[in-house]
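upload30.txt (compact mmCIF, C-alpha atoms) appears below.
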# COMPACT_ATOMS: atom_id res chain seq x y z
CA MET A 146 7.76 2.01 -4.76
CA LYS A 147 4.16 2.22 -3.56
CA PRO A 148 1.04 1.41 -5.61
CA MET A 149 -1.53 3.95 -6.69
CA GLY A 150 -5.13 3.77 -7.78
CA ALA A 151 -6.13 3.14 -11.38
CA ILE A 152 -6.60 6.09 -13.73
CA PRO A 153 -10.35 6.40 -14.50
CA PRO A 154 -11.31 4.80 -17.84
CA ASP A 155 -12.34 8.13 -19.37
CA PHE A 156 -8.73 9.35 -19.11
CA ALA A 157 -6.69 6.17 -19.32
CA GLY A 158 -4.53 5.29 -22.30
CA SER A 159 -3.71 8.74 -23.66
CA ALA A 160 -0.20 10.20 -23.70
CA PRO A 161 0.02 13.13 -23.48
CA LEU A 162 -3.14 13.24 -21.39
CA GLN A 163 -6.40 14.05 -23.20
CA ILE A 164 -9.42 15.55 -21.44
CA ALA A 165 -12.68 15.85 -23.38
CA GLY A 166 -10.80 15.30 -26.63
CA ARG A 167 -8.12 17.94 -26.11
CA ALA A 168 -4.65 17.83 -24.62
CA ALA A 169 -4.41 18.89 -20.98
CA SER A 170 -1.92 21.53 -22.10
CA ALA A 171 -4.60 23.15 -24.27
CA TRP A 172 -6.94 23.51 -21.30
CA ILE A 173 -4.10 24.99 -19.22
CA GLU A 174 -3.43 27.52 -21.97
CA GLN A 175 -7.13 28.41 -22.11
CA ALA A 176 -7.38 28.79 -18.32
CA GLY A 177 -4.18 30.82 -18.14
CA ASP A 178 -1.98 28.72 -15.86
CA THR A 179 -1.76 25.95 -13.32
CA PRO A 180 -2.85 24.81 -10.77
CA LEU A 181 -6.09 23.98 -12.53
CA PHE A 182 -9.09 21.72 -11.98
CA VAL A 183 -10.65 20.52 -15.23
CA TYR A 184 -14.10 18.93 -15.03
CA ASP A 185 -15.38 16.91 -17.99
CA ALA A 186 -19.15 17.28 -18.17
CA GLY A 187 -19.32 14.36 -20.58
CA VAL A 188 -18.17 12.00 -17.83
CA VAL A 189 -21.00 13.24 -15.59
CA ARG A 190 -23.56 12.95 -18.35
CA ARG A 191 -22.57 9.33 -18.98
CA ARG A 192 -22.79 8.55 -15.27
CA ILE A 193 -26.31 9.95 -15.10
CA ALA A 194 -27.33 7.95 -18.19
CA ARG A 195 -25.95 4.79 -16.57
CA PHE A 196 -27.92 5.50 -13.39
CA ARG A 197 -31.15 6.03 -15.33
CA GLN A 198 -30.63 2.77 -17.19
CA ALA A 199 -29.89 0.77 -14.04
CA VAL A 200 -32.42 2.14 -11.56
CA PRO A 201 -36.19 1.51 -11.80
CA GLU A 202 -38.76 4.12 -12.71
CA GLY A 203 -40.13 5.99 -9.72
CA VAL A 204 -36.67 6.59 -8.27
CA ASP A 205 -35.47 10.15 -8.71
CA LEU A 206 -31.85 11.23 -8.89
CA HIS A 207 -30.69 14.10 -6.69
CA TYR A 208 -27.32 15.81 -6.92
CA ALA A 209 -25.60 16.54 -3.58
CA VAL A 210 -24.17 19.98 -4.31
CA LYS A 211 -21.62 19.74 -1.50
CA ALA A 212 -19.64 17.24 -3.58
CA ASN A 213 -18.73 19.99 -6.02
CA PRO A 214 -20.44 23.40 -5.93
CA PHE A 215 -18.56 24.88 -8.93
CA ALA A 216 -21.34 27.02 -10.38
CA PRO A 217 -20.94 26.10 -14.09
CA LEU A 218 -20.91 22.40 -13.17
CA VAL A 219 -24.02 22.71 -10.99
CA ALA A 220 -25.77 24.65 -13.78
CA ALA A 221 -24.90 21.88 -16.23
CA ILE A 222 -26.07 19.09 -13.93
CA ALA A 223 -29.33 20.74 -12.81
CA PRO A 224 -31.37 19.90 -15.94
CA TRP A 225 -30.08 16.31 -15.93
CA VAL A 226 -31.27 15.44 -12.40
CA ASP A 227 -34.59 15.54 -10.55
CA GLY A 228 -33.44 17.42 -7.46
CA LEU A 229 -30.62 19.35 -5.85
CA ASP A 230 -29.66 18.70 -2.24
CA ILE A 231 -27.88 21.53 -0.45
CA ALA A 232 -26.36 22.00 3.00
CA SER A 233 -25.87 25.74 3.57
CA LYS A 234 -27.25 29.18 2.82
CA GLY A 235 -24.44 29.69 0.32
CA GLU A 236 -25.39 26.56 -1.59
CA LEU A 237 -29.05 27.56 -1.41
CA GLU A 238 -28.28 30.96 -2.95
CA LEU A 239 -26.21 29.23 -5.63
CA VAL A 240 -28.90 26.81 -6.74
CA MET A 241 -31.66 29.42 -6.52
CA ALA A 242 -29.68 31.52 -8.99
CA ILE A 243 -29.62 28.67 -11.51
CA ALA A 244 -32.57 28.96 -13.88
CA GLY A 245 -34.81 26.01 -14.53
CA LYS A 246 -34.92 24.30 -11.14
CA PRO A 247 -37.99 25.08 -9.01
CA ALA A 248 -37.66 25.45 -5.26
CA SER A 249 -39.78 22.32 -4.81
CA ALA A 250 -36.88 20.32 -6.33
CA ILE A 251 -34.40 21.60 -3.74
CA SER A 252 -33.90 20.12 -0.28
CA PHE A 253 -31.82 21.56 2.55
CA ALA A 254 -30.10 19.22 5.02
CA GLY A 255 -27.45 19.70 7.67
CA PRO A 256 -27.27 20.32 11.41
CA GLY A 257 -27.06 23.80 12.87
CA LYS A 258 -29.19 25.70 10.38
CA ARG A 259 -29.43 29.32 11.48
CA ASP A 260 -32.77 31.10 11.64
CA ASP A 261 -31.85 33.26 8.65
CA GLU A 262 -31.14 30.10 6.64
CA LEU A 263 -34.47 28.58 7.63
CA ASP A 264 -36.19 31.87 6.82
CA LEU A 265 -34.68 31.99 3.34
CA ALA A 266 -35.51 28.35 2.63
CA ILE A 267 -39.09 28.58 3.86
CA ARG A 268 -39.72 31.83 1.95
CA ALA A 269 -38.43 30.18 -1.22
CA GLY A 270 -40.47 26.99 -0.81
CA VAL A 271 -37.46 24.73 -0.40
CA THR A 272 -37.91 21.46 1.51
CA VAL A 273 -36.09 21.61 4.85
CA ASN A 274 -34.81 18.26 6.09
CA LEU A 275 -35.22 18.65 9.83
CA GLU A 276 -32.30 17.41 11.94
CA SER A 277 -33.95 17.74 15.38
CA GLU A 278 -37.15 18.55 17.23
CA GLY A 279 -35.68 21.94 18.11
CA GLU A 280 -35.10 22.74 14.49
CA ALA A 281 -38.69 21.71 13.79
CA ASP A 282 -39.94 24.15 16.44
CA ARG A 283 -37.94 26.98 14.88
CA ALA A 284 -39.08 26.15 11.35
CA LEU A 285 -42.74 26.08 12.38
CA ALA A 286 -42.36 29.38 14.22
CA ILE A 287 -40.68 31.02 11.22
CA GLY A 288 -43.38 29.71 8.89
CA GLY A 289 -46.04 31.11 11.22
CA ARG A 290 -44.33 34.51 11.33
CA LEU A 291 -44.02 34.62 7.55
CA GLY A 292 -47.53 33.31 6.93
CA VAL A 293 -46.01 30.54 4.81
CA THR A 294 -46.70 26.82 5.11
CA PRO A 295 -43.21 25.32 5.42
CA ARG A 296 -42.20 22.28 3.38
CA LEU A 297 -40.62 20.00 5.99
CA ALA A 298 -39.15 16.50 5.82
CA VAL A 299 -37.71 14.54 8.72
CA ARG A 300 -34.14 13.38 8.45
CA VAL A 301 -33.92 10.12 10.33
CA ASN A 302 -30.89 8.91 12.25
CA PRO A 303 -31.46 5.26 11.34
CA ASP A 304 -30.89 2.29 13.58
CA ILE A 305 -28.88 0.76 10.72
CA GLU A 306 -25.52 1.58 9.16
CA LEU A 307 -24.09 1.10 5.70
CA ARG A 308 -21.66 -1.78 6.11
CA GLY A 309 -18.25 -1.10 4.62
CA SER A 310 -18.88 2.59 4.01
CA GLY A 311 -16.03 5.04 4.23
CA LEU A 312 -18.13 7.38 6.36
CA ARG A 313 -20.85 5.82 8.50
CA MET A 314 -23.79 8.04 9.40
CA GLY A 315 -26.29 5.71 11.03
CA GLY A 316 -26.66 3.19 13.81
CA ARG A 317 -25.06 5.40 16.46
CA PRO A 318 -25.53 8.68 18.36
CA SER A 319 -25.29 11.48 15.81
CA GLN A 320 -25.70 15.17 15.17
CA PHE A 321 -27.49 14.17 11.96
CA GLY A 322 -31.21 13.54 11.98
CA VAL A 323 -33.82 12.55 14.52
CA ASP A 324 -33.31 9.17 16.17
CA ALA A 325 -35.52 6.58 14.47
CA GLU A 326 -37.41 5.84 17.68
CA ARG A 327 -38.57 9.50 17.89
CA ALA A 328 -39.12 10.26 14.20
CA ALA A 329 -42.76 9.15 13.94
CA ALA A 330 -43.79 11.36 16.85
CA LEU A 331 -42.19 14.34 15.13
CA VAL A 332 -44.04 13.58 11.90
CA THR A 333 -47.32 13.58 13.82
CA ARG A 334 -46.47 16.97 15.33
CA LEU A 335 -45.70 18.43 11.90
CA VAL A 336 -48.93 17.17 10.39
CA VAL A 337 -51.00 18.44 13.32
CA ALA A 338 -49.24 21.82 13.09
CA GLY A 339 -50.31 22.14 9.46
CA ALA A 340 -46.87 21.86 7.88
CA ASP A 341 -46.46 20.45 4.39
CA TRP A 342 -44.77 17.21 5.41
CA ARG A 343 -42.62 15.98 2.53
CA GLY A 344 -41.41 12.62 3.87
CA PHE A 345 -38.19 11.08 5.16
CA HIS A 346 -34.51 11.53 4.45
CA ILE A 347 -32.60 8.43 5.60
CA PHE A 348 -28.84 8.42 5.04
CA ALA A 349 -26.78 5.57 6.50
CA GLY A 350 -23.31 6.14 5.05
CA SER A 351 -21.18 7.10 2.07
CA GLN A 352 -18.29 5.94 -0.14
CA ALA A 353 -19.25 2.26 -0.23
CA LEU A 354 -17.96 -0.04 -2.97
CA ASP A 355 -19.82 -3.16 -1.80
CA ALA A 356 -22.98 -3.45 -3.88
CA GLN A 357 -24.46 -6.08 -1.59
CA ALA A 358 -24.03 -3.81 1.43
CA ILE A 359 -25.90 -1.02 -0.37
CA ILE A 360 -28.63 -3.45 -1.44
CA GLU A 361 -29.10 -4.61 2.15
CA THR A 362 -29.12 -1.04 3.44
CA GLN A 363 -31.69 0.10 0.88
CA ALA A 364 -33.97 -2.82 1.82
CA ALA A 365 -33.60 -1.97 5.51
CA THR A 366 -34.27 1.70 4.74
CA LEU A 367 -37.51 0.85 2.96
CA ALA A 368 -38.60 -1.25 5.92
CA LEU A 369 -37.72 1.55 8.33
CA ALA A 370 -39.62 4.14 6.29
CA ALA A 371 -42.70 1.90 6.21
CA ARG A 372 -42.52 1.27 9.95
CA LEU A 373 -42.23 4.99 10.74
CA ALA A 374 -45.07 5.83 8.37
CA ASP A 375 -47.29 3.24 10.03
CA GLU A 376 -46.42 4.63 13.46
CA ALA A 377 -47.20 8.17 12.32
CA GLY A 378 -50.30 7.14 10.43
CA ALA A 379 -49.17 9.11 7.37
CA ALA A 380 -47.77 8.00 4.03
CA PRO A 381 -44.62 9.89 3.05
CA PRO A 382 -44.73 11.70 -0.31
CA LEU A 383 -41.00 11.06 -0.75
CA VAL A 384 -38.38 8.84 0.83
CA ASN A 385 -34.81 9.92 0.15
CA LEU A 386 -32.88 6.64 0.38
CA GLY A 387 -29.57 8.45 0.73
CA GLY A 388 -26.68 7.50 -1.48
CA GLY A 389 -23.49 5.82 -0.43
CA PHE A 390 -22.24 4.98 -3.93
CA GLY A 391 -18.44 4.99 -3.82
CA ILE A 392 -15.73 5.38 -6.44
CA PRO A 393 -12.44 3.44 -6.68
CA TYR A 394 -9.72 5.79 -5.48
CA PHE A 395 -7.08 3.33 -4.35
CA PRO A 396 -5.24 0.13 -5.38
CA ALA A 397 -7.47 -2.95 -5.16
CA ASP A 398 -10.65 -0.81 -5.21
CA ALA A 399 -13.20 -2.08 -7.74
CA ALA A 400 -15.90 0.00 -9.41
CA LEU A 401 -19.37 -0.30 -7.89
CA ASP A 402 -21.88 -2.65 -9.57
CA VAL A 403 -24.70 -0.14 -9.97
CA GLU A 404 -26.69 -2.47 -12.19
CA ALA A 405 -26.92 -5.05 -9.40
CA ILE A 406 -28.09 -2.34 -7.01
CA GLY A 407 -30.75 -1.17 -9.46
CA ALA A 408 -32.06 -4.67 -10.07
CA ALA A 409 -32.34 -5.40 -6.36
CA LEU A 410 -34.03 -2.06 -5.70
CA ALA A 411 -36.59 -2.80 -8.42
CA GLY A 412 -37.46 -6.04 -6.67
CA ALA A 413 -37.66 -4.39 -3.26
CA LEU A 414 -39.93 -1.61 -4.54
CA ALA A 415 -42.21 -4.10 -6.26
CA GLU A 416 -42.80 -5.75 -2.88
CA ARG A 417 -42.85 -2.62 -0.72
CA PRO A 418 -45.46 -2.24 2.04
CA ALA A 419 -48.81 -0.76 1.07
CA ILE A 420 -48.25 2.45 3.01
CA LEU A 421 -45.41 3.29 0.60
CA GLY A 422 -47.53 2.45 -2.44
CA GLU A 423 -47.82 6.04 -3.67
CA THR A 424 -44.46 7.21 -2.35
CA ARG A 425 -41.73 8.46 -4.68
CA PHE A 426 -38.15 7.62 -3.89
CA ALA A 427 -34.88 9.39 -4.46
CA ILE A 428 -31.22 8.49 -4.38
CA GLU A 429 -28.89 11.33 -3.47
CA LEU A 430 -25.49 11.15 -5.13
CA GLY A 431 -22.53 13.48 -5.28
CA ARG A 432 -19.18 11.73 -5.36
CA TRP A 433 -20.35 8.93 -7.70
CA LEU A 434 -21.65 11.46 -10.23
CA VAL A 435 -18.75 13.92 -10.30
CA GLY A 436 -15.75 12.41 -8.52
CA GLU A 437 -14.17 10.86 -11.61
CA CYS A 438 -14.91 13.79 -13.93
CA GLY A 439 -12.21 16.00 -12.41
CA VAL A 440 -8.47 16.19 -13.04
CA TYR A 441 -6.17 18.43 -10.99
CA LEU A 442 -3.28 19.74 -13.09
CA THR A 443 -0.22 21.14 -11.33
CA ARG A 444 3.16 22.06 -12.80
CA VAL A 445 6.56 20.84 -11.64
CA VAL A 446 8.63 23.80 -10.44
CA ASP A 447 11.58 21.91 -8.97
CA ARG A 448 13.17 18.49 -9.12
CA LYS A 449 15.46 17.54 -6.28
CA VAL A 450 17.21 14.55 -4.81
CA SER A 451 17.41 14.16 -1.04
CA ARG A 452 19.31 11.24 0.48
CA GLY A 453 18.78 9.16 -2.60
CA GLU A 454 15.06 9.93 -3.11
CA THR A 455 13.71 12.06 -5.96
CA PHE A 456 11.11 14.71 -5.25
CA LEU A 457 8.98 16.58 -7.76
CA VAL A 458 7.87 19.87 -6.22
CA VAL A 459 4.74 21.29 -7.85
CA ASP A 460 2.96 24.64 -7.77
CA GLY A 461 -0.17 23.14 -6.19
CA GLY A 462 -0.77 21.12 -3.06
CA LEU A 463 -3.12 20.17 -0.28
CA HIS A 464 -4.55 23.68 -0.15
CA HIS A 465 -6.34 22.73 -3.39
CA GLN A 466 -6.54 18.93 -3.21
CA LEU A 467 -6.60 18.04 0.48
CA ALA A 468 -8.05 14.57 -0.03
CA ALA A 469 -5.21 13.42 -2.28
CA SER A 470 -2.75 14.32 0.49
CA GLY A 471 -4.49 11.85 2.81
CA ASN A 472 -5.70 14.53 5.20
CA PHE A 473 -9.45 14.35 4.52
CA GLY A 474 -10.83 11.46 6.56
CA THR A 475 -8.28 8.83 5.52
CA VAL A 476 -6.85 6.71 8.34
CA VAL A 477 -4.03 5.17 6.30
CA ARG A 478 -2.60 7.34 3.53
CA ARG A 479 -2.80 5.75 0.07
CA ASN A 480 -1.98 7.14 -3.37
CA TYR A 481 -4.61 8.54 -5.69
CA PRO A 482 -4.12 7.85 -9.42
CA VAL A 483 -1.41 10.18 -10.74
CA ALA A 484 0.19 10.70 -14.15
CA VAL A 485 2.62 13.00 -15.91
CA ALA A 486 0.11 14.76 -18.14
CA SER A 487 2.73 16.11 -20.50
CA ALA A 488 4.63 12.82 -20.97
CA ALA A 489 4.93 11.32 -24.42
CA PRO A 490 4.47 7.57 -24.93
CA ASP A 491 7.31 5.25 -23.92
CA VAL A 492 9.13 7.75 -21.70
CA PRO A 493 11.43 6.00 -19.18
CA THR A 494 9.99 5.73 -15.68
CA GLU A 495 11.34 6.33 -12.19
CA THR A 496 10.16 6.26 -8.60
CA VAL A 497 9.39 9.75 -7.29
CA THR A 498 7.48 11.52 -4.54
CA VAL A 499 5.26 14.42 -5.61
CA VAL A 500 4.99 17.20 -3.04
CA GLY A 501 3.24 20.55 -3.00
CA CYS A 502 4.54 24.06 -2.43
CA LEU A 503 3.40 24.46 1.17
CA CYS A 504 5.71 24.67 4.18
CA THR A 505 4.41 21.49 5.82
CA PRO A 506 5.38 17.81 5.45
CA LEU A 507 1.67 17.05 5.18
CA ASP A 508 1.75 18.46 1.64
CA LEU A 509 2.33 15.09 0.01
CA LEU A 510 0.42 14.36 -3.20
CA ALA A 511 1.98 11.07 -4.28
CA ASP A 512 4.34 8.95 -2.20
CA LYS A 513 7.06 6.91 -3.97
CA VAL A 514 5.11 6.23 -7.16
CA THR A 515 6.39 5.09 -10.53
CA LEU A 516 5.94 7.82 -13.15
CA PRO A 517 7.52 8.84 -16.44
CA VAL A 518 10.64 10.93 -15.84
CA ALA A 519 9.54 14.53 -15.31
CA HIS A 520 11.34 17.87 -15.08
CA PRO A 521 10.44 21.46 -14.21
CA GLY A 522 7.72 22.65 -16.58
CA ASP A 523 6.08 19.24 -16.91
CA VAL A 524 2.51 18.86 -15.66
CA ILE A 525 1.34 16.33 -13.07
CA ALA A 526 -2.27 15.14 -13.24
CA ILE A 527 -4.08 13.93 -10.12
CA PHE A 528 -7.30 12.13 -10.91
CA MET A 529 -10.52 11.56 -8.89
CA ALA A 530 -10.55 15.33 -8.37
CA GLY A 531 -14.17 16.10 -9.18
CA ALA A 532 -15.61 15.69 -5.67
CA TYR A 533 -14.56 17.04 -2.28
CA ALA A 534 -11.50 18.66 -3.79
CA ALA A 535 -11.28 22.42 -4.42
CA SER A 536 -14.17 23.37 -2.13
CA ALA A 537 -13.12 20.90 0.59
CA SER A 538 -9.53 22.13 0.82
CA PRO A 539 -7.96 24.97 2.88
CA SER A 540 -7.43 27.33 -0.06
CA ALA A 541 -6.39 30.26 2.14
CA PHE A 542 -3.62 28.32 3.88
CA LEU A 543 -0.27 30.18 3.69
CA GLY A 544 -1.74 32.80 1.39
CA HIS A 545 -1.42 30.94 -1.90
CA SER A 546 -3.90 31.67 -4.66
CA PRO A 547 -6.89 29.39 -5.21
CA ALA A 548 -6.77 26.98 -8.12
CA ARG A 549 -8.44 27.80 -11.38
CA GLU A 550 -11.48 25.71 -12.37
CA LEU A 551 -12.76 24.92 -15.85
CA LEU A 552 -15.79 23.01 -17.09
CA VAL A 553 -15.25 21.29 -20.43
CA GLY A 554 -16.97 18.68 -22.56
CA LEU A 555 -20.36 20.40 -22.55
CA ASP A 556 -21.62 20.10 -26.14
CA GLY A 557 -18.02 20.45 -27.26
CA GLN A 558 -17.60 23.76 -25.44
CA SER A 559 -15.70 24.72 -22.28
Any chance you could give the structure as structure tokens?
Amino acid sequence: MKPMGAIPPDFAGSAPLQIAGRAASAWIEQAGDTPLFVYDAGVVRRRIARFRQAVPEGVDLHYAVKANPFAPLVAAIAPWVDGLDIASKGELELVMAIAGKPASAISFAGPGKRDDELDLAIRAGVTVNLESEGEADRALAIGGRLGVTPRLAVRVNPDIELRGSGLRMGGRPSQFGVDAERAAALVTRLVVAGADWRGFHIFAGSQALDAQAIIETQAATLALAARLADEAGAAPPLVNLGGGFGIPYFPADAALDVEAIGAALAGALAERPAILGETRFAIELGRWLVGECGVYLTRVVDRKVSRGETFLVVDGGLHHQLAASGNFGTVVRRNYPVAVASAAPDVPTETVTVVGCLCTPLDLLADKVTLPVAHPGDVIAIFMAGAYAASASPSAFLGHSPARELLVGLDGQS
């Protein structure tokens, strides 16, 4: 038997599983079948309220759309946050179609932006986070051709990294951002060229559960932004401090102390250098906002015993929930939280391995976990499925259909 992560508090303790006040089976019936992702908007709303309570005034909250671009979820989140951060033309078209969010509240990051993407963003008035001097040249040229003053920020490849982060994005050579030692010179070029310079985007890492590491990184980021502003001789209108807030997927993971981070940030901002005195700040979050709101529901289609081990074969798999299979940036495979959604209380348990329907041994959703005894027709729930799940998985692999998706818990409606 191998351990698995803890079921998120919003879903723990109910048998059969309840999501937004209704049985998982009811949502499956409404959606039509499994496999199905169910996203509880109430979980997201509570996360945002917690952030607002913990973090000082003057710090905006941006949603990183790449975490989960499901259109109804993005439309629900948009009024609750101050900005939307996107990373492709497709995401740009999605958020531009959502009423109520002006282009000035959208920022576009990511290496390798095509000219047509820059054209669309500049026409719309979206802030482009420049990843290189070459991208800056192209953006200025496109703005000149269109007769539009482009809104441009400089993404900085910092000379720091977020200690303990699951994905480090600073302190090393990178395709992301302009190296810190060259960033001020680029800012000067943008200002001289007449661009609407919007500030800095400084992202050092993601999926960190160590509050002290985030506190230290935010303090270092403020110092870096002030140093670059002094070198450029220009105060940044906005400094995007990045994100990095992690969620507890695995055994022994502990939830992040956001209140400690907010208190430390308040102190750091109170003592910030004068050149940042009128600057606004933003924290860009995706996974921490939506990761725990999602549950992936997949039905058992076969139960088999092979050489003494019991396997539950389900109608879903890694083509929908790649991360849970351990094939999305995980070095050592560990079990996500899993439950038998349809199990009644006090059902006997057993050790089983949950596998998907794909013709590959990589399609492993839970390895030797203890679950209530399940049979064909029962539903398996995989938690932590609200971020980097459906849209980050190879849905076309082997020709299986994509999973259904459903937003629930929004003013009692789905």
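The shortest atom-to-atom distance to Phe528 in chain A, with only C-alpha atoms taken into account, belongs to A:Cys438 out of A:Ile360, A:Cys438, A:Ala338, A:Ala216.
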(message) Show me, as a PyMOL selection string, the residues that have an atom within 12 Å of Ala169 in chain A when counting all atoms listed in the file, minus same-chain residues fewer than 5 positions from it.
(response) chain A and resi 156+159-164+174-176+178-185+439-444+484-488+523-527+551+553
Give me the residues near Asp447 in chain A as a compact mmCIF listing (two decimals) with C-alpha atoms, keeping the file's coordinate frame, where near means some atom within 8 Å (using only C-alpha atoms) and where sequence neighbours in that chain fewer than 2 positions away do not count.
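Generated file (result12.txt):
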# COMPACT_ATOMS: atom_id res chain seq x y z
CA VAL A 445 6.56 20.84 -11.64
CA LYS A 449 15.46 17.54 -6.28
CA LEU A 457 8.98 16.58 -7.76
CA VAL A 458 7.87 19.87 -6.22
CA VAL A 459 4.74 21.29 -7.85
CA HIS A 520 11.34 17.87 -15.08
CA PRO A 521 10.44 21.46 -14.21
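Shortest separation to Leu383 in chain A among A:Ala415, A:Ala298, A:Leu239, A:Leu543 occurs at residue A:Ala298, atoms counted being only C-alpha atoms.
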(message) Counting all atoms listed in the file, which residue out of A:Leu467, A:Ala409, A:Ala266, A:Ile287 sits closest to Leu509 in chain A?
(response)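 Ranked by minimum distance to Leu509 in chain A, first place goes to A:Leu467.
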Identify, on the basis of only C-alpha atoms, every residue whose closest approach to Ile267 in chain A does not exceed 12 Å; exclude the query and any residue fewer than 6 positions from it along the same chain; express the result as a compact mmCIF listing (two decimals) with C-alpha atoms, keeping the file's coordinate frame.
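What landed in out39.txt:
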# COMPACT_ATOMS: atom_id res chain seq x y z
CA LYS A 234 -27.25 29.18 2.82
CA LEU A 237 -29.05 27.56 -1.41
CA ALA A 248 -37.66 25.45 -5.26
CA SER A 249 -39.78 22.32 -4.81
CA ILE A 251 -34.40 21.60 -3.74
CA SER A 252 -33.90 20.12 -0.28
CA PHE A 253 -31.82 21.56 2.55
CA ASP A 260 -32.77 31.10 11.64
CA ASP A 261 -31.85 33.26 8.65
CA VAL A 273 -36.09 21.61 4.85
CA ASN A 274 -34.81 18.26 6.09
CA ARG A 283 -37.94 26.98 14.88
CA ALA A 284 -39.08 26.15 11.35
CA LEU A 285 -42.74 26.08 12.38
CA ALA A 286 -42.36 29.38 14.22
CA ILE A 287 -40.68 31.02 11.22
CA GLY A 288 -43.38 29.71 8.89
CA GLY A 289 -46.04 31.11 11.22
CA ARG A 290 -44.33 34.51 11.33
CA LEU A 291 -44.02 34.62 7.55
CA GLY A 292 -47.53 33.31 6.93
CA VAL A 293 -46.01 30.54 4.81
CA THR A 294 -46.70 26.82 5.11
CA PRO A 295 -43.21 25.32 5.42
CA ARG A 296 -42.20 22.28 3.38
CA LEU A 297 -40.62 20.00 5.99
CA ALA A 340 -46.87 21.86 7.88
CA ASP A 341 -46.46 20.45 4.39
Kindly list the centre and edge lengths in Å, rounded to one decimal, for the axis-aligned box that covers all listed atoms of range 405-421 of chain A plus 3 Å on each of its six sides, as lines of an AutoDock Vina configuration file.
center_x = -37.9
center_y = -1.4
center_z = -3.5
size_x = 27.9
size_y = 15.3
size_z = 19.1
(request) Mind checking which residues fall within 8 Å of Ile152 in chain A, counting only C-alpha atoms, ignoring those fewer than 5 positions away in the same chain, and posting them as a ChimeraX atom specification? (result) /A:157,482-483,528
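CA of Asp205 in chain A is found 6.3 Å from CA of Ile428 in chain A.
With distances restricted to only C-alpha atoms, A:Thr333 is the closest residue to Glu278 in chain A from A:Ser233, A:Gln363, A:Thr455, A:Thr333.
The residue set within 12 Å of Pro539 in chain A, counting all atoms listed in the file and dropping same-chain residues fewer than 2 places from it, reads Gly462, Leu463, His464, His465, Gln466, Leu467, Ala468, Asn472, Phe473, Leu503, Asp508, Tyr533, Ala534, Ala535, Ser536, Ala537, Ala541, Phe542, Leu543, Gly544, His545, Ser546, Pro547 and Ala548 of chain A.
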(message) When you count all atoms listed in the file, which of these residues is closest to Pro256 in chain A: A:Gly235, A:Gly339, A:Gly322, A:Pro303?
(response)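 Nearest candidate to Pro256 in chain A out of A:Gly235, A:Gly339, A:Gly322, A:Pro303: A:Gly322.
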(request) Within 7 Å of (11.0, 12.5, -11.1) (coordinates as in the file), grab all the protein and nucleic acid residues, counting only C-alpha atoms, and write them out as a list of chain:residue names. (result)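 Applying the cut-off with only C-alpha atoms, one gets A:Arg448, A:Thr455, A:Phe456, A:Leu457, A:Glu495, A:Thr496, A:Val497, A:Val518, A:Ala519, A:His520.
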For the residues in that selection, give me C-alpha atoms as a PDB file, in the coordinates of the input.
ATOM      1  CA  ARG A 448      13.170  18.490  -9.120  1.00  0.00           C
ATOM      2  CA  THR A 455      13.710  12.060  -5.960  1.00  0.00           C
ATOM      3  CA  PHE A 456      11.110  14.710  -5.250  1.00  0.00           C
ATOM      4  CA  LEU A 457       8.980  16.580  -7.760  1.00  0.00           C
ATOM      5  CA  GLU A 495      11.340   6.330 -12.190  1.00  0.00           C
ATOM      6  CA  THR A 496      10.160   6.260  -8.600  1.00  0.00           C
ATOM      7  CA  VAL A 497       9.390   9.750  -7.290  1.00  0.00           C
ATOM      8  CA  VAL A 518      10.640  10.930 -15.840  1.00  0.00           C
ATOM      9  CA  ALA A 519       9.540  14.530 -15.310  1.00  0.00           C
ATOM     10  CA  HIS A 520      11.340  17.870 -15.080  1.00  0.00           C
TER      11      HIS A 520
END
(message) With distances taken over only C-alpha atoms, which residue among A:Ala371, A:Leu331, A:Gly431, A:Asp491 lies nearest Val219 in chain A?
(response) A:Gly431
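One finds CA of Ala413 in chain A at 25.3 Å from CA of Arg327 in chain A.
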